[in-house]
Amino acid sequence: MAICTAVLPVAGLGTRFLPITKSIPKEMLPVVDQPLIQYVVEEAWSAGIEQVVLVSSRGKTSLEDHFDSNAELESALDAKGKQESLAAVRGLTPPDGRTICAVRQHAPLGLGHAVLCARAIVGNNPFAVLLPDDLIWTGDSAPGVLSQLVEQFEKSASSVVAVMEVEQSQTCLYGVIDPFDSEIDSRERLIKAKGLVEKPKPDSAPSNLAVVGRYILTPEIFNFLSTGNKGAGGEIQLTDAICALLAQQSVYGYRFEGVRFDCGDKAGYQMANIALSLERPDMREQLIPFIKEQLLNYSAE
Ligand code: UTP
């Protein structure tokens, strides 16, 4: 069965980025010249998604506006002969036959609750979830991560979550896969999960394979999200629901190709800006000598 719908939870408070997130949604923060949300929406379109569902909240209409047409701006750019900018603006509206819609999460009750808010739109179909905070750069070397997961889903018809290897000391920051086979070949990308442990201490972590913000889930996940059970932080957690799903169905971790930046964190966000700016030929020439000079200043301290 094809994956047609992608749910993008964007209703969080973004407290780690205050004060900027008091009036600007975290998902609208730019990496180079595109807001975070644009990276995931484009990743969704290129994976064949037909419908993007933003799970939004009060004060976040700029997210929907970003993908709407703006006749006034377009005719001003046209009149000035700014064809490149015009193409960039026009390219934001969904491609033919695709749609973006929004539902509201009335209170930030957790990521799991945000996903549950999209239930009526998703229906009884497998669907994707993408977290805009996780910018995963594949460049020209691989298809987007969601395309990679879709390919796996097509083979296994089971839920599949993106995983990456982290330092053992970092397991306490993530949901970590408990692999079905105790020995995992380091070249193996698709790993069957026996369990999922939220933020395990390094010495008790079942592996160093951490779940990051891309998922393909079967609709049975909604049965577990709708129990209202609260997990860490008193929130309805997606990880807990995936754990419960695991008792009934196979769930796989997929070690994706790509570099992940945690843009929900200030340092990770700056890393994404540096790395993606360096990917731009028009900026690289100016940036490299500047960065080298900065590094010299710091190493002299
Ligand atoms: P985070 O855990 O990063 O929370 O959410 P947050 O509120 O965005 O940021 P901090 O931790 O306060 O700085 C991960 C993703 O889940 C969404 C967020 O918008 C983000 O895309 N989310 C989280 C919701 O949509 N609703 C929620 O209740 C919680």
# chains A, B, ... in the order shown; residues from 1 in each chain; ligands from 1
>>> select_by_dssp(residues="stretch 158-295 of chain A", states="alpha helix (DSSP H)", output="PyMOL selection string")
chain A and resi 221-225+238-246+266-278+281-295
>>> write_last_selection(atoms="N, CA and C atoms", output="compact mmCIF listing (two decimals), in the first residue's frame")
# COMPACT_ATOMS: atom_id res chain seq x y z
N ILE A 221 -1.40 2.32 15.22
CA ILE A 221 -0.72 3.18 16.22
C ILE A 221 -1.75 4.07 16.94
N PHE A 222 -2.82 4.46 16.20
CA PHE A 222 -3.81 5.36 16.79
C PHE A 222 -4.53 4.70 17.98
N ASN A 223 -4.66 3.35 17.95
CA ASN A 223 -5.31 2.67 19.08
C ASN A 223 -4.54 2.92 20.37
N PHE A 224 -3.22 2.98 20.25
CA PHE A 224 -2.38 3.15 21.45
C PHE A 224 -2.26 4.63 21.82
N LEU A 225 -2.27 5.49 20.83
CA LEU A 225 -2.19 6.93 21.12
C LEU A 225 -3.47 7.42 21.81
N LEU A 238 4.90 9.47 21.52
CA LEU A 238 4.85 8.59 20.35
C LEU A 238 5.67 7.32 20.61
N THR A 239 6.80 7.48 21.29
CA THR A 239 7.66 6.33 21.58
C THR A 239 6.90 5.24 22.34
N ASP A 240 6.10 5.65 23.34
CA ASP A 240 5.35 4.67 24.15
C ASP A 240 4.36 3.91 23.26
N ALA A 241 3.72 4.64 22.33
CA ALA A 241 2.73 3.99 21.45
C ALA A 241 3.45 3.01 20.51
N ILE A 242 4.64 3.38 20.03
CA ILE A 242 5.38 2.46 19.14
C ILE A 242 5.77 1.21 19.92
N CYS A 243 6.14 1.40 21.18
CA CYS A 243 6.47 0.25 22.05
C CYS A 243 5.28 -0.70 22.15
N ALA A 244 4.10 -0.13 22.36
CA ALA A 244 2.90 -0.96 22.49
C ALA A 244 2.58 -1.65 21.16
N LEU A 245 2.79 -0.94 20.06
CA LEU A 245 2.53 -1.51 18.73
C LEU A 245 3.42 -2.72 18.47
N LEU A 246 4.66 -2.62 18.99
CA LEU A 246 5.64 -3.69 18.82
C LEU A 246 5.18 -5.04 19.36
N LYS A 266 20.04 24.61 19.99
CA LYS A 266 20.71 25.79 19.42
C LYS A 266 22.01 25.44 18.71
N ALA A 267 22.81 24.58 19.33
CA ALA A 267 24.11 24.25 18.70
C ALA A 267 23.87 23.46 17.40
N GLY A 268 22.95 22.50 17.45
CA GLY A 268 22.65 21.69 16.25
C GLY A 268 22.13 22.56 15.12
N TYR A 269 21.32 23.54 15.48
CA TYR A 269 20.76 24.47 14.49
C TYR A 269 21.88 25.27 13.81
N GLN A 270 22.84 25.75 14.61
CA GLN A 270 23.95 26.51 14.02
C GLN A 270 24.80 25.60 13.13
N MET A 271 24.98 24.34 13.56
CA MET A 271 25.76 23.39 12.74
C MET A 271 25.11 23.21 11.37
N ALA A 272 23.76 23.12 11.37
CA ALA A 272 23.05 22.95 10.10
C ALA A 272 23.30 24.16 9.20
N ASN A 273 23.27 25.35 9.79
CA ASN A 273 23.50 26.56 9.00
C ASN A 273 24.91 26.59 8.41
N ILE A 274 25.88 26.21 9.23
CA ILE A 274 27.27 26.22 8.73
C ILE A 274 27.42 25.19 7.61
N ALA A 275 26.96 23.96 7.89
CA ALA A 275 27.15 22.88 6.91
C ALA A 275 26.43 23.17 5.60
N LEU A 276 25.19 23.64 5.69
CA LEU A 276 24.43 23.86 4.44
C LEU A 276 24.89 25.12 3.71
N SER A 277 25.42 26.11 4.45
CA SER A 277 25.98 27.29 3.77
C SER A 277 27.21 26.88 2.97
N LEU A 278 27.99 25.98 3.55
CA LEU A 278 29.20 25.53 2.84
C LEU A 278 28.87 24.70 1.59
N PRO A 281 27.72 27.00 -3.45
CA PRO A 281 28.92 27.53 -4.14
C PRO A 281 29.02 29.05 -4.01
N ASP A 282 27.88 29.77 -3.99
CA ASP A 282 27.92 31.24 -3.93
C ASP A 282 28.38 31.76 -2.56
N MET A 283 28.32 30.94 -1.52
CA MET A 283 28.68 31.40 -0.18
C MET A 283 30.03 30.83 0.28
N ARG A 284 30.35 29.66 -0.26
CA ARG A 284 31.52 28.92 0.22
C ARG A 284 32.80 29.75 0.20
N GLU A 285 32.99 30.48 -0.92
CA GLU A 285 34.23 31.23 -1.11
C GLU A 285 34.46 32.26 0.00
N GLN A 286 33.38 32.90 0.43
CA GLN A 286 33.51 33.89 1.49
C GLN A 286 33.61 33.24 2.86
N LEU A 287 32.89 32.12 3.00
CA LEU A 287 32.79 31.52 4.34
C LEU A 287 34.06 30.79 4.78
N ILE A 288 34.70 30.08 3.86
CA ILE A 288 35.84 29.24 4.27
C ILE A 288 36.95 30.08 4.93
N PRO A 289 37.42 31.17 4.30
CA PRO A 289 38.47 31.95 4.98
C PRO A 289 37.98 32.52 6.32
N PHE A 290 36.71 32.92 6.37
CA PHE A 290 36.17 33.48 7.61
C PHE A 290 36.18 32.43 8.73
N ILE A 291 35.71 31.23 8.41
CA ILE A 291 35.65 30.17 9.43
C ILE A 291 37.06 29.80 9.88
N LYS A 292 37.99 29.72 8.92
CA LYS A 292 39.38 29.37 9.28
C LYS A 292 39.95 30.41 10.24
N GLU A 293 39.67 31.68 9.97
CA GLU A 293 40.18 32.76 10.82
C GLU A 293 39.58 32.66 12.23
N GLN A 294 38.29 32.38 12.28
CA GLN A 294 37.63 32.23 13.59
C GLN A 294 38.26 31.10 14.38
N LEU A 295 38.53 29.99 13.68
CA LEU A 295 39.10 28.82 14.36
C LEU A 295 40.49 29.15 14.90
>>> residues_near_ligand(ligand="ligand 1", cutoff="7 Å", atoms="only C-alpha atoms and all ligand atoms", output="PyMOL selection string")
chain A and resi 9-17+55-56+105+107-111+113-114+131-133+264
>>> write_last_selection(atoms="N, CA and C atoms", output="mmCIF file, in the first residue's frame")
data_model
loop_
_atom_site.group_PDB
_atom_site.id
_atom_site.type_symbol
_atom_site.label_atom_id
_atom_site.label_comp_id
_atom_site.auth_asym_id
_atom_site.auth_seq_id
_atom_site.Cartn_x
_atom_site.Cartn_y
_atom_site.Cartn_z
ATOM 1 N N PRO A 9 4.069 17.343 12.825
ATOM 2 C CA PRO A 9 3.684 18.013 14.065
ATOM 3 C C PRO A 9 4.489 19.305 14.235
ATOM 4 N N VAL A 10 3.773 20.422 14.342
ATOM 5 C CA VAL A 10 4.450 21.725 14.454
ATOM 6 C C VAL A 10 3.814 22.573 15.556
ATOM 7 N N ALA A 11 3.207 21.889 16.528
ATOM 8 C CA ALA A 11 2.443 22.629 17.539
ATOM 9 C C ALA A 11 3.217 22.830 18.840
ATOM 10 N N GLY A 12 4.484 22.423 18.869
ATOM 11 C CA GLY A 12 5.259 22.544 20.111
ATOM 12 C C GLY A 12 5.535 24.004 20.457
ATOM 13 N N LEU A 13 5.943 24.229 21.694
ATOM 14 C CA LEU A 13 6.187 25.599 22.163
ATOM 15 C C LEU A 13 7.573 26.108 21.778
ATOM 16 N N GLY A 14 8.480 25.189 21.496
ATOM 17 C CA GLY A 14 9.836 25.600 21.115
ATOM 18 C C GLY A 14 10.549 26.366 22.222
ATOM 19 N N THR A 15 10.427 25.897 23.453
ATOM 20 C CA THR A 15 10.958 26.668 24.595
ATOM 21 C C THR A 15 12.486 26.797 24.569
ATOM 22 N N ARG A 16 13.158 25.822 23.938
ATOM 23 C CA ARG A 16 14.627 25.904 23.921
ATOM 24 C C ARG A 16 15.119 27.057 23.055
ATOM 25 N N PHE A 17 14.233 27.611 22.246
ATOM 26 C CA PHE A 17 14.633 28.725 21.374
ATOM 27 C C PHE A 17 14.041 30.057 21.812
ATOM 28 N N VAL A 55 0.145 19.651 11.898
ATOM 29 C CA VAL A 55 -0.581 19.688 13.176
ATOM 30 C C VAL A 55 -0.075 20.935 13.884
ATOM 31 N N SER A 56 -0.905 21.971 13.802
ATOM 32 C CA SER A 56 -0.456 23.311 14.135
ATOM 33 C C SER A 56 -1.113 23.823 15.420
ATOM 34 N N GLN A 105 -3.755 21.384 17.227
ATOM 35 C CA GLN A 105 -3.609 20.711 18.522
ATOM 36 C C GLN A 105 -3.868 21.825 19.531
ATOM 37 N N ALA A 107 -3.741 22.047 22.746
ATOM 38 C CA ALA A 107 -2.773 22.227 23.853
ATOM 39 C C ALA A 107 -1.591 21.312 23.568
ATOM 40 N N PRO A 108 -0.368 21.733 23.908
ATOM 41 C CA PRO A 108 0.810 20.908 23.595
ATOM 42 C C PRO A 108 0.926 19.719 24.550
ATOM 43 N N LEU A 109 0.123 18.687 24.275
ATOM 44 C CA LEU A 109 0.054 17.536 25.187
ATOM 45 C C LEU A 109 1.066 16.452 24.829
ATOM 46 N N GLY A 110 1.950 16.760 23.893
ATOM 47 C CA GLY A 110 2.999 15.793 23.534
ATOM 48 C C GLY A 110 2.955 15.422 22.061
ATOM 49 N N LEU A 111 4.103 14.875 21.597
ATOM 50 C CA LEU A 111 4.224 14.497 20.188
ATOM 51 C C LEU A 111 3.183 13.441 19.802
ATOM 52 N N HIS A 113 0.270 12.922 21.094
ATOM 53 C CA HIS A 113 -1.052 13.564 21.011
ATOM 54 C C HIS A 113 -1.170 14.360 19.713
ATOM 55 N N ALA A 114 -0.076 15.028 19.308
ATOM 56 C CA ALA A 114 -0.099 15.802 18.056
ATOM 57 C C ALA A 114 -0.399 14.873 16.873
ATOM 58 N N LEU A 131 9.443 15.141 11.614
ATOM 59 C CA LEU A 131 9.632 16.232 12.557
ATOM 60 C C LEU A 131 10.560 17.278 11.931
ATOM 61 N N PRO A 132 10.052 18.503 11.772
ATOM 62 C CA PRO A 132 10.853 19.526 11.101
ATOM 63 C C PRO A 132 12.139 19.890 11.842
ATOM 64 N N ASP A 133 12.197 19.627 13.139
ATOM 65 C CA ASP A 133 13.432 19.924 13.902
ATOM 66 C C ASP A 133 14.602 19.092 13.409
ATOM 67 N N GLY A 264 16.344 21.403 16.805
ATOM 68 C CA GLY A 264 15.566 21.785 17.982
ATOM 69 C C GLY A 264 16.492 22.269 19.089
#
>>> atom_distance(atom1="atom CA of A:Ser141", atom2="atom CA of A:Glu42")
16.5 Å
>>> select_by_dssp(residues="stretch 161-251 of chain A", states="strand (DSSP E or B)", output="JSON, numbers by chain")
{"A": [161, 162, 163, 164, 165, 175, 176, 177, 178, 179, 190, 191, 192, 193, 194, 195, 196, 197, 198, 209, 210, 211, 212, 213, 214, 215, 216, 217, 251]}
>>> write_last_selection(atoms="C-alpha atoms", output="compact mmCIF listing (two decimals), in the first residue's frame")
# COMPACT_ATOMS: atom_id res chain seq x y z
CA VAL A 161 11.49 4.31 11.96
CA ALA A 162 14.67 6.15 11.03
CA VAL A 163 17.61 5.27 13.29
CA MET A 164 21.20 6.43 13.50
CA GLU A 165 24.20 5.32 15.51
CA GLY A 175 14.56 6.59 22.10
CA VAL A 176 16.82 3.58 21.46
CA ILE A 177 16.01 0.39 19.54
CA ASP A 178 16.31 -2.97 21.27
CA PRO A 179 17.27 -5.15 18.28
CA LEU A 190 17.12 -2.70 8.22
CA ILE A 191 16.99 -3.87 11.83
CA LYS A 192 14.01 -5.67 13.33
CA ALA A 193 13.12 -4.26 16.75
CA LYS A 194 12.21 -6.29 19.82
CA GLY A 195 11.61 -3.16 21.87
CA LEU A 196 12.16 0.56 22.10
CA VAL A 197 13.59 2.13 25.25
CA GLU A 198 13.13 5.82 25.95
CA LEU A 209 20.70 2.96 17.50
CA ALA A 210 18.72 6.10 18.23
CA VAL A 211 15.34 6.95 16.71
CA VAL A 212 15.19 10.32 14.92
CA GLY A 213 12.29 12.27 13.43
CA ARG A 214 11.13 10.20 10.46
CA TYR A 215 8.59 7.40 10.81
CA ILE A 216 6.25 5.29 8.72
CA LEU A 217 3.51 3.92 10.92
CA VAL A 251 8.54 -2.66 13.69
>>> residues_around(residues="stretch 60-77 of chain A", least_positions_apart="3", cutoff="7 Å", atoms="only C-alpha atoms", output="PyMOL selection string")
chain A and resi 25+28+56-57+80-82+86+90+92-93
>>> write_last_selection(atoms="C-alpha atoms", output="tab-separated table (two decimals), in the first residue's frame")
chain	number	residue	atom	x	y	z
A	25	PRO	CA	7.39	29.45	15.18
A	28	MET	CA	9.96	28.99	10.50
A	56	SER	CA	-0.46	23.31	14.13
A	57	SER	CA	-1.40	25.62	16.98
A	80	LYS	CA	11.16	43.88	-11.52
A	81	GLY	CA	12.37	41.03	-13.75
A	82	LYS	CA	13.44	38.98	-10.70
A	86	LEU	CA	9.75	34.45	-8.68
A	90	ARG	CA	6.11	29.88	-7.03
A	92	LEU	CA	6.55	26.72	-2.70
A	93	THR	CA	2.95	25.93	-3.59
>>> atom_distance(atom1="atom CA of A:Gln249", atom2="atom CA of A:Trp45")
27.7 Å
>>> residues_around(residues="A:Phe153", least_positions_apart="2", cutoff="10 Å", atoms="only C-alpha atoms", output="PyMOL selection string")
chain A and resi 1-3+126+147-151+155-161+216-218+252
>>> closest_residue(among="A:Asp262, A:Gln168, A:Leu116, A:Ser204", to="A:Ile236", atoms="only C-alpha atoms")
A:Leu116
